[in-house]
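K.L.:
Have a look at this one.
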Amino acid sequence: MTYEDALQDRVDAMAHACTRCGKCVEACPVTDAGGVTAAPRDVIAGVLDLVRKGTDESQGNESARRWASSCALSGECIKACPEGINPRFLLSMARVAMARQEVELPARRRQGVADFRKLSQDVSVLSRMQLTSDMLERLGQRTDTNRRLGNTEGPEQPDFVFYTGCNVLKTPHIALLALDIMDALGVTYRVMGGPSHCCSIVHFRTGDLQTSGNFAENTLGKLASAKNGQVLAWCASCHVQFTEVNLPAHERMTGSRPFEMVPFMRYLRSRLDDLRALMRKSVDMRIALHRHPGVPGVMEAGEDILRAIPGIEIVDLHQPAVGLMSNYLRSVPEYKRKLQLDELNAARDAGVDALVAVYHPDHRDLCAHERDYPFRILNLLEVVGESMGLAQEDRFKRLKKLQDVELILDETRDLLSAHHVDEDTARQSIRAMLDEQPLPLTGARAGGAGRGAQTAPNDR
C-alpha cells in the first residue's frame, strides 16, 4: 500500500460512515466569511463527491469548494460530528482533489519545489539574522561549524524528541525558551525541525502526494528516537499534519505507529506541579490570552499554566477563537483583519498589560502592533520564563517594529555576514517578513513605508 492508497483508504472509510447530517458545516465558524451559502447537508455531500470521485455533482458543489478552500482548521467540525468522523481531514483531501483537478502533476510538483525553497530560504535567513552559530546548533540547525564537528542534536536516547517544525525558527526566542524550560525541568531531549525535517505539508497542499509521502516517511523515521515513544511538537500545523495525515497513513501502510505526538503546551500542563515549584517570581500583569482552538486542550493548558504564575490576572476579552493559528485564516483575509482589530481594540479598552499568544504565526502577525497600542505583545513562554528567571531576547519583534528593509539589514548585517548570507537574499526574506502584516499598522510608519519596504500588506 502506498501513502496515497492509505490516505484514500481513510477517505473511503469516513465517506462510508458519514450520514451527511451537515452538523460539521453548521459548527464551522468561517462558513459565512467563506461564502458558503448552500444547505449544510448539500455542502457535505459536495465534499464527499470531491474526495471520492474528484468531482462535485451535488447541489452544494460550489459551496463545498468554498468550504474546503476557506477551512481555517478550527476543529469545531470534529467535535460536532456524531459519527466520530474527522471532517477536517476530509476537507484537506478535498483541497488535494481540487488542486489535482486544476493543475497537472508536473506543474504541481514544480510549485511544491518552489514553495519549499521559499520556505527554506525565509526560515534560514530570518533565523540567521537573529542567532549565532551556537544558538542555531542548539535548535538543531546545521551551520558551517557543526558540518565540521558533526551535528550534535542531543543524547542518544533522550526522554523526548522536541520537534520545532519550520516556521518557529523565524521567531527563535520562543523555541529557545522551550528548551530552557525543559532544561529547568530536568528533561533530556533531541531537537529536530527546520526544512530538513519537513512535515510534508508544503507538497501535500499542491496535491503532489508522492513527494509528500516521501518527505513524511523520511521525517517519521528521524523522529522515532525517543525512549518513551513521544515527540513533543511546538507547531500546531505540524501536529495536525502528523496526527491526522502522516501517522494514520503510516499505520495503514506498516501496521504500526513509530511514536505519539504531544503538543508542547499540553506536556507542560502535565508537569504543572513541577513548574509551580520553579515559577517563583511574581509577574504582576493583567493579560489577555490570544486563542486558537484547533488542537484540543492547548489553549486550556496555556491558561492553566498562566494562572499558576504568581501575580498574573487573566482578562477575558470575549472575542471569538477561530482557526488553528492566525495564518490559517489567510483564505478569509477581511474576516482575519476584523478579528485582529477587534481583539487589539478590546485589549486596549480592557487596560491589559499584555496580549499573550501561544503560537509563533500569531506572534509574527501581532507583535509589531505593540508599537501602536498601550500594551505589550508576548508569547506565553516569555511570561513563564520571566517567573522562572529565564529570558531570551525577542529580536524578531524589535526588527519588525522598524518596518524598514534597509534599517533591518543594517541591524543584522554582522550576523548575516558571519553566516554568509548575501544581502539580496536577505532583502527578499526581510520584505516577506514585512509583507506578513495582515492588519496594517497605524501611525507615521504604517504599512512599512520606509526605505525598500512594501506598502501593501500581503496575507500569506
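By convention here, the chains of the C-alpha cells are called A, B, ... in the order presented, each chain's residues are numbered starting at 1, and ligands are numbered starting at 1 in the order presented.
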From a DSSP pass on the backbone, collect the residues of stretch 29-248 of chain A flagged as helix (DSSP H, G or I) and hand them back as a ChimeraX atom specification.
P.N.:
/A:40-53,61-70,76-80,87-102,105-128,133-138,144-149,167-170,172-185,195-197,201-205,209-223,236-248
K.L.:
For A:Phe259, find every residue with an atom within 7 Å (counting only C-alpha atoms), except residues of its own chain fewer than 6 positions away, and show them as a list of chain:residue names.
P.N.:
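Counting only C-alpha atoms, the residues come to A:Ala224, A:Gly229, A:Gln230, A:Val231.
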K.L.:
Could those selected residues go to a file with N, CA and C atoms, as a short mmCIF file (atom, residue, chain, number, x, y, z; two decimals), in the first residue's frame?
P.N.:
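File produced: part_38.cif:
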```cif
data_model
loop_
_atom_site.label_atom_id
_atom_site.label_comp_id
_atom_site.auth_asym_id
_atom_site.auth_seq_id
_atom_site.Cartn_x
_atom_site.Cartn_y
_atom_site.Cartn_z
N ALA A 224 11.52 9.08 15.31
CA ALA A 224 11.23 7.92 16.15
C ALA A 224 12.45 7.48 16.94
N GLY A 229 8.80 6.98 23.31
CA GLY A 229 7.91 6.96 22.16
C GLY A 229 7.06 8.20 22.01
N GLN A 230 7.53 9.33 22.54
CA GLN A 230 6.76 10.56 22.42
C GLN A 230 7.60 11.67 21.77
N VAL A 231 6.94 12.39 20.88
CA VAL A 231 7.52 13.57 20.26
C VAL A 231 6.74 14.78 20.75
#
```
K.L.:
Give me the residues of stretch 296-372 of chain A that have any atom at most 9 Å from an atom of stretch 13-32 of chain A; for each, the nearest atom pair and the distance in Å, rounded to one decimal. Use only C-alpha atoms, sort by chain and number, and format it as a Markdown table.
P.N.:
```
| residue | atom | partner | partner_atom | distance |
| --- | --- | --- | --- | --- |
| A:Val322 | CA | A:Pro29 | CA | 6.8 |
| A:Gly323 | CA | A:Pro29 | CA | 8.5 |
| A:Leu329 | CA | A:Val30 | CA | 8.9 |
| A:Val332 | CA | A:Val30 | CA | 8.0 |
| A:Tyr335 | CA | A:Val30 | CA | 8.5 |
```
K.L.:
Write out the residues from the selection above, keeping N, CA and C atoms, as a compact mmCIF listing (two decimals), in the first residue's frame.
P.N.:
```txt
# COMPACT_ATOMS: atom_id res chain seq x y z
N VAL A 322 -10.91 31.44 16.69
CA VAL A 322 -11.15 30.84 15.38
C VAL A 322 -9.83 30.39 14.78
N GLY A 323 -9.82 29.20 14.18
CA GLY A 323 -8.67 28.77 13.39
C GLY A 323 -7.64 27.99 14.18
N LEU A 329 -6.13 31.64 8.70
CA LEU A 329 -7.23 32.50 8.29
C LEU A 329 -6.89 33.27 7.02
N VAL A 332 -9.55 33.90 4.31
CA VAL A 332 -10.64 34.85 4.59
C VAL A 332 -10.02 36.13 5.16
N TYR A 335 -12.05 38.89 7.12
CA TYR A 335 -12.50 38.37 8.41
C TYR A 335 -11.34 38.31 9.40
```
K.L.:
Counting only C-alpha atoms, what is within 9 Å of stretch 169-185 of chain A, bar same-chain residues fewer than 4 positions away, as a ChimeraX atom specification?
P.N.:
/A:122-128,130-131,135-136,138-139,162,164-165,189,191,193-194,234,264,268,271,274-275,278,359-361,363-364,379-382,384-385,388,390-397
K.L.:
Only N, CA and C atoms, please: the residues just picked out, written as a short mmCIF file (atom, residue, chain, number, x, y, z; two decimals), in the first residue's frame.
P.N.:
```cif
data_model
loop_
_atom_site.label_atom_id
_atom_site.label_comp_id
_atom_site.auth_asym_id
_atom_site.auth_seq_id
_atom_site.Cartn_x
_atom_site.Cartn_y
_atom_site.Cartn_z
N ASP A 122 13.45 31.58 3.67
CA ASP A 122 12.99 32.54 4.67
C ASP A 122 13.30 32.06 6.08
N VAL A 123 13.12 30.77 6.35
CA VAL A 123 13.45 30.24 7.67
C VAL A 123 14.94 30.39 7.93
N SER A 124 15.76 30.03 6.95
CA SER A 124 17.20 30.10 7.12
C SER A 124 17.66 31.54 7.34
N VAL A 125 17.20 32.46 6.49
CA VAL A 125 17.67 33.84 6.58
C VAL A 125 17.20 34.50 7.87
N LEU A 126 15.90 34.38 8.18
CA LEU A 126 15.38 35.08 9.35
C LEU A 126 15.96 34.53 10.65
N SER A 127 16.23 33.25 10.71
CA SER A 127 16.86 32.71 11.92
C SER A 127 18.31 33.17 12.02
N ARG A 128 19.01 33.24 10.90
CA ARG A 128 20.41 33.66 10.91
C ARG A 128 20.57 35.17 11.12
N GLN A 130 19.15 36.54 13.48
CA GLN A 130 18.92 36.71 14.91
C GLN A 130 19.83 35.88 15.80
N LEU A 131 20.42 34.82 15.27
CA LEU A 131 21.11 33.84 16.11
C LEU A 131 22.56 33.64 15.70
N MET A 135 23.72 29.17 18.90
CA MET A 135 22.28 29.15 19.17
C MET A 135 21.54 28.36 18.10
N LEU A 136 21.97 28.48 16.85
CA LEU A 136 21.37 27.69 15.78
C LEU A 136 21.59 26.20 16.02
N ARG A 138 22.02 24.75 18.84
CA ARG A 138 21.16 24.32 19.95
C ARG A 138 19.75 23.98 19.46
N LEU A 139 19.31 24.66 18.41
CA LEU A 139 18.00 24.39 17.83
C LEU A 139 18.05 23.33 16.72
N PHE A 162 12.09 16.89 20.71
CA PHE A 162 11.37 18.16 20.65
C PHE A 162 11.37 18.60 19.19
N THR A 164 10.44 21.19 16.47
CA THR A 164 10.12 22.61 16.34
C THR A 164 9.19 22.90 15.18
N GLY A 165 9.19 22.04 14.14
CA GLY A 165 8.63 22.46 12.88
C GLY A 165 9.59 23.43 12.21
N TYR A 189 16.33 15.65 25.81
CA TYR A 189 15.62 15.78 24.54
C TYR A 189 16.61 15.90 23.40
N VAL A 191 16.60 17.87 19.66
CA VAL A 191 15.86 18.88 18.89
C VAL A 191 15.90 18.52 17.41
N GLY A 193 13.88 19.69 13.58
CA GLY A 193 12.98 20.64 12.93
C GLY A 193 13.68 21.36 11.82
N GLY A 194 12.99 22.33 11.27
CA GLY A 194 13.52 23.03 10.10
C GLY A 194 13.24 22.26 8.83
N TRP A 234 5.94 21.62 18.82
CA TRP A 234 5.60 23.01 19.07
C TRP A 234 4.51 23.48 18.11
N PHE A 264 3.40 20.61 22.88
CA PHE A 264 4.30 21.02 23.95
C PHE A 264 3.56 21.66 25.11
N LEU A 268 3.66 20.60 29.06
CA LEU A 268 3.96 21.48 30.20
C LEU A 268 2.84 21.43 31.23
N ARG A 271 3.18 18.73 33.62
CA ARG A 271 4.25 18.95 34.59
C ARG A 271 3.99 20.19 35.45
N ASP A 274 5.53 20.51 38.93
CA ASP A 274 6.96 20.80 38.88
C ASP A 274 7.22 22.24 38.43
N LEU A 275 6.41 22.73 37.49
CA LEU A 275 6.57 24.11 37.04
C LEU A 275 6.28 25.09 38.16
N LEU A 278 9.08 26.00 40.19
CA LEU A 278 10.11 26.79 39.51
C LEU A 278 9.65 28.22 39.22
N TYR A 359 1.11 30.56 19.80
CA TYR A 359 1.79 30.09 18.60
C TYR A 359 2.61 31.19 17.91
N HIS A 360 3.61 30.75 17.18
CA HIS A 360 4.54 31.66 16.52
C HIS A 360 3.91 32.48 15.38
N PRO A 361 3.00 31.94 14.53
CA PRO A 361 2.42 32.81 13.49
C PRO A 361 1.61 33.96 14.09
N HIS A 363 2.33 35.46 16.86
CA HIS A 363 3.31 36.45 17.30
C HIS A 363 3.82 37.26 16.11
N ARG A 364 4.07 36.59 14.99
CA ARG A 364 4.54 37.31 13.81
C ARG A 364 3.50 38.31 13.31
N ASN A 379 4.80 36.20 23.81
CA ASN A 379 4.49 34.77 23.74
C ASN A 379 4.33 34.23 25.16
N LEU A 380 3.49 33.24 25.30
CA LEU A 380 3.23 32.68 26.62
C LEU A 380 4.50 32.23 27.32
N LEU A 381 5.45 31.66 26.56
CA LEU A 381 6.68 31.17 27.19
C LEU A 381 7.53 32.30 27.75
N GLU A 382 7.38 33.52 27.22
CA GLU A 382 8.09 34.65 27.79
C GLU A 382 7.58 34.95 29.20
N VAL A 384 6.09 32.71 31.25
CA VAL A 384 6.57 31.60 32.07
C VAL A 384 8.04 31.80 32.41
N GLY A 385 8.82 32.15 31.40
CA GLY A 385 10.25 32.35 31.61
C GLY A 385 10.54 33.46 32.61
N MET A 388 10.28 32.20 35.97
CA MET A 388 11.33 31.22 36.27
C MET A 388 12.72 31.84 36.29
N LEU A 390 14.11 33.09 33.50
CA LEU A 390 14.67 32.76 32.18
C LEU A 390 14.28 33.84 31.19
N ALA A 391 15.15 34.14 30.26
CA ALA A 391 14.84 35.16 29.26
C ALA A 391 15.60 34.89 27.97
N GLN A 392 14.93 35.15 26.86
CA GLN A 392 15.55 35.15 25.53
C GLN A 392 15.07 36.41 24.81
N GLU A 393 15.97 37.13 24.19
CA GLU A 393 15.60 38.38 23.54
C GLU A 393 14.72 38.12 22.32
N ASP A 394 13.63 38.88 22.23
CA ASP A 394 12.75 38.80 21.06
C ASP A 394 13.29 39.75 19.99
N ARG A 395 14.26 39.27 19.25
CA ARG A 395 14.85 40.09 18.19
C ARG A 395 13.89 40.28 17.03
N PHE A 396 13.04 39.28 16.78
CA PHE A 396 12.09 39.39 15.67
C PHE A 396 11.20 40.61 15.85
N LYS A 397 10.64 40.78 17.04
CA LYS A 397 9.74 41.91 17.27
C LYS A 397 10.49 43.23 17.13
#
```
K.L.:
May I ask which of the residues A:Ser74, A:Ser196, A:Thr254, A:Lys53 is the closest one to A:Tyr3, counting only C-alpha atoms?
P.N.:
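Selected residue with least distance to A:Tyr3: A:Thr254.
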K.L.:
To test your reading of the structure, identify every residue in stretch 248-322 of chain A that backbone DSSP assigns to strand (DSSP E or B), and report it as a ChimeraX atom specification.
P.N.:
/A:260-263,285-289,312-314
K.L.:
Quick one: distance from atom CA of A:Tyr267 to atom CA of A:Met285 in Å, one decimal?
P.N.:
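Separation of atom CA of A:Tyr267 and atom CA of A:Met285: 24.5 Å.
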K.L.:
Excluding A:Ala357 and residues on its chain fewer than 4 positions from it, collect all residues at most 9 Å away from it, counting only C-alpha atoms, and give them as JSON, numbers by chain.
P.N.:
{"A": [288, 289, 290, 291, 362, 363, 366, 377, 378, 379, 380]}
K.L.:
Grab the residues selected above and save them as a PDB file, in the first residue's frame with C-alpha atoms.
P.N.:
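Saved as result.pdb:
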```pdb
ATOM      1  CA  ALA A 288      -5.400  38.546  27.785  1.00  0.00           C
ATOM      2  CA  LEU A 289      -4.798  35.224  26.029  1.00  0.00           C
ATOM      3  CA  HIS A 290      -4.961  35.206  22.219  1.00  0.00           C
ATOM      4  CA  ARG A 291      -6.731  31.928  21.439  1.00  0.00           C
ATOM      5  CA  ASP A 362       0.212  34.762  15.889  1.00  0.00           C
ATOM      6  CA  HIS A 363       3.309  36.452  17.302  1.00  0.00           C
ATOM      7  CA  LEU A 366       0.619  40.764  16.092  1.00  0.00           C
ATOM      8  CA  ILE A 377       2.553  41.613  22.883  1.00  0.00           C
ATOM      9  CA  LEU A 378       4.248  38.500  24.220  1.00  0.00           C
ATOM     10  CA  ASN A 379       4.493  34.774  23.743  1.00  0.00           C
ATOM     11  CA  LEU A 380       3.226  32.684  26.625  1.00  0.00           C
TER      12      LEU A 380
END
```
K.L.:
So, with only C-alpha atoms as the atoms that count, which of A:Leu407, A:Val245, A:Ala97, A:Val383 lies closest to A:Gly311?
P.N.:
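That would be A:Val383, the residue with the smallest distance to A:Gly311.
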K.L.:
At a cut-off of 9 Å, using only C-alpha atoms, what residues contact A:Pro333? Leave out same-chain residues fewer than 4 positions from it and give the result as a ChimeraX atom specification.
P.N.:
/A:329,337-338,438,459
K.L.:
Between atom CA of A:His419 and atom CA of A:Cys199, what is the distance in Å, rounded to a tenth?
P.N.:
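We find that atom CA of A:His419 and atom CA of A:Cys199 lie 25.5 Å from each other.
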K.L.:
Just give me the gap between atom CA of A:Glu423 and atom CA of A:Gln111 in Å, one decimal is fine.
P.N.:
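Here the two named atoms are 25.2 Å from each other.
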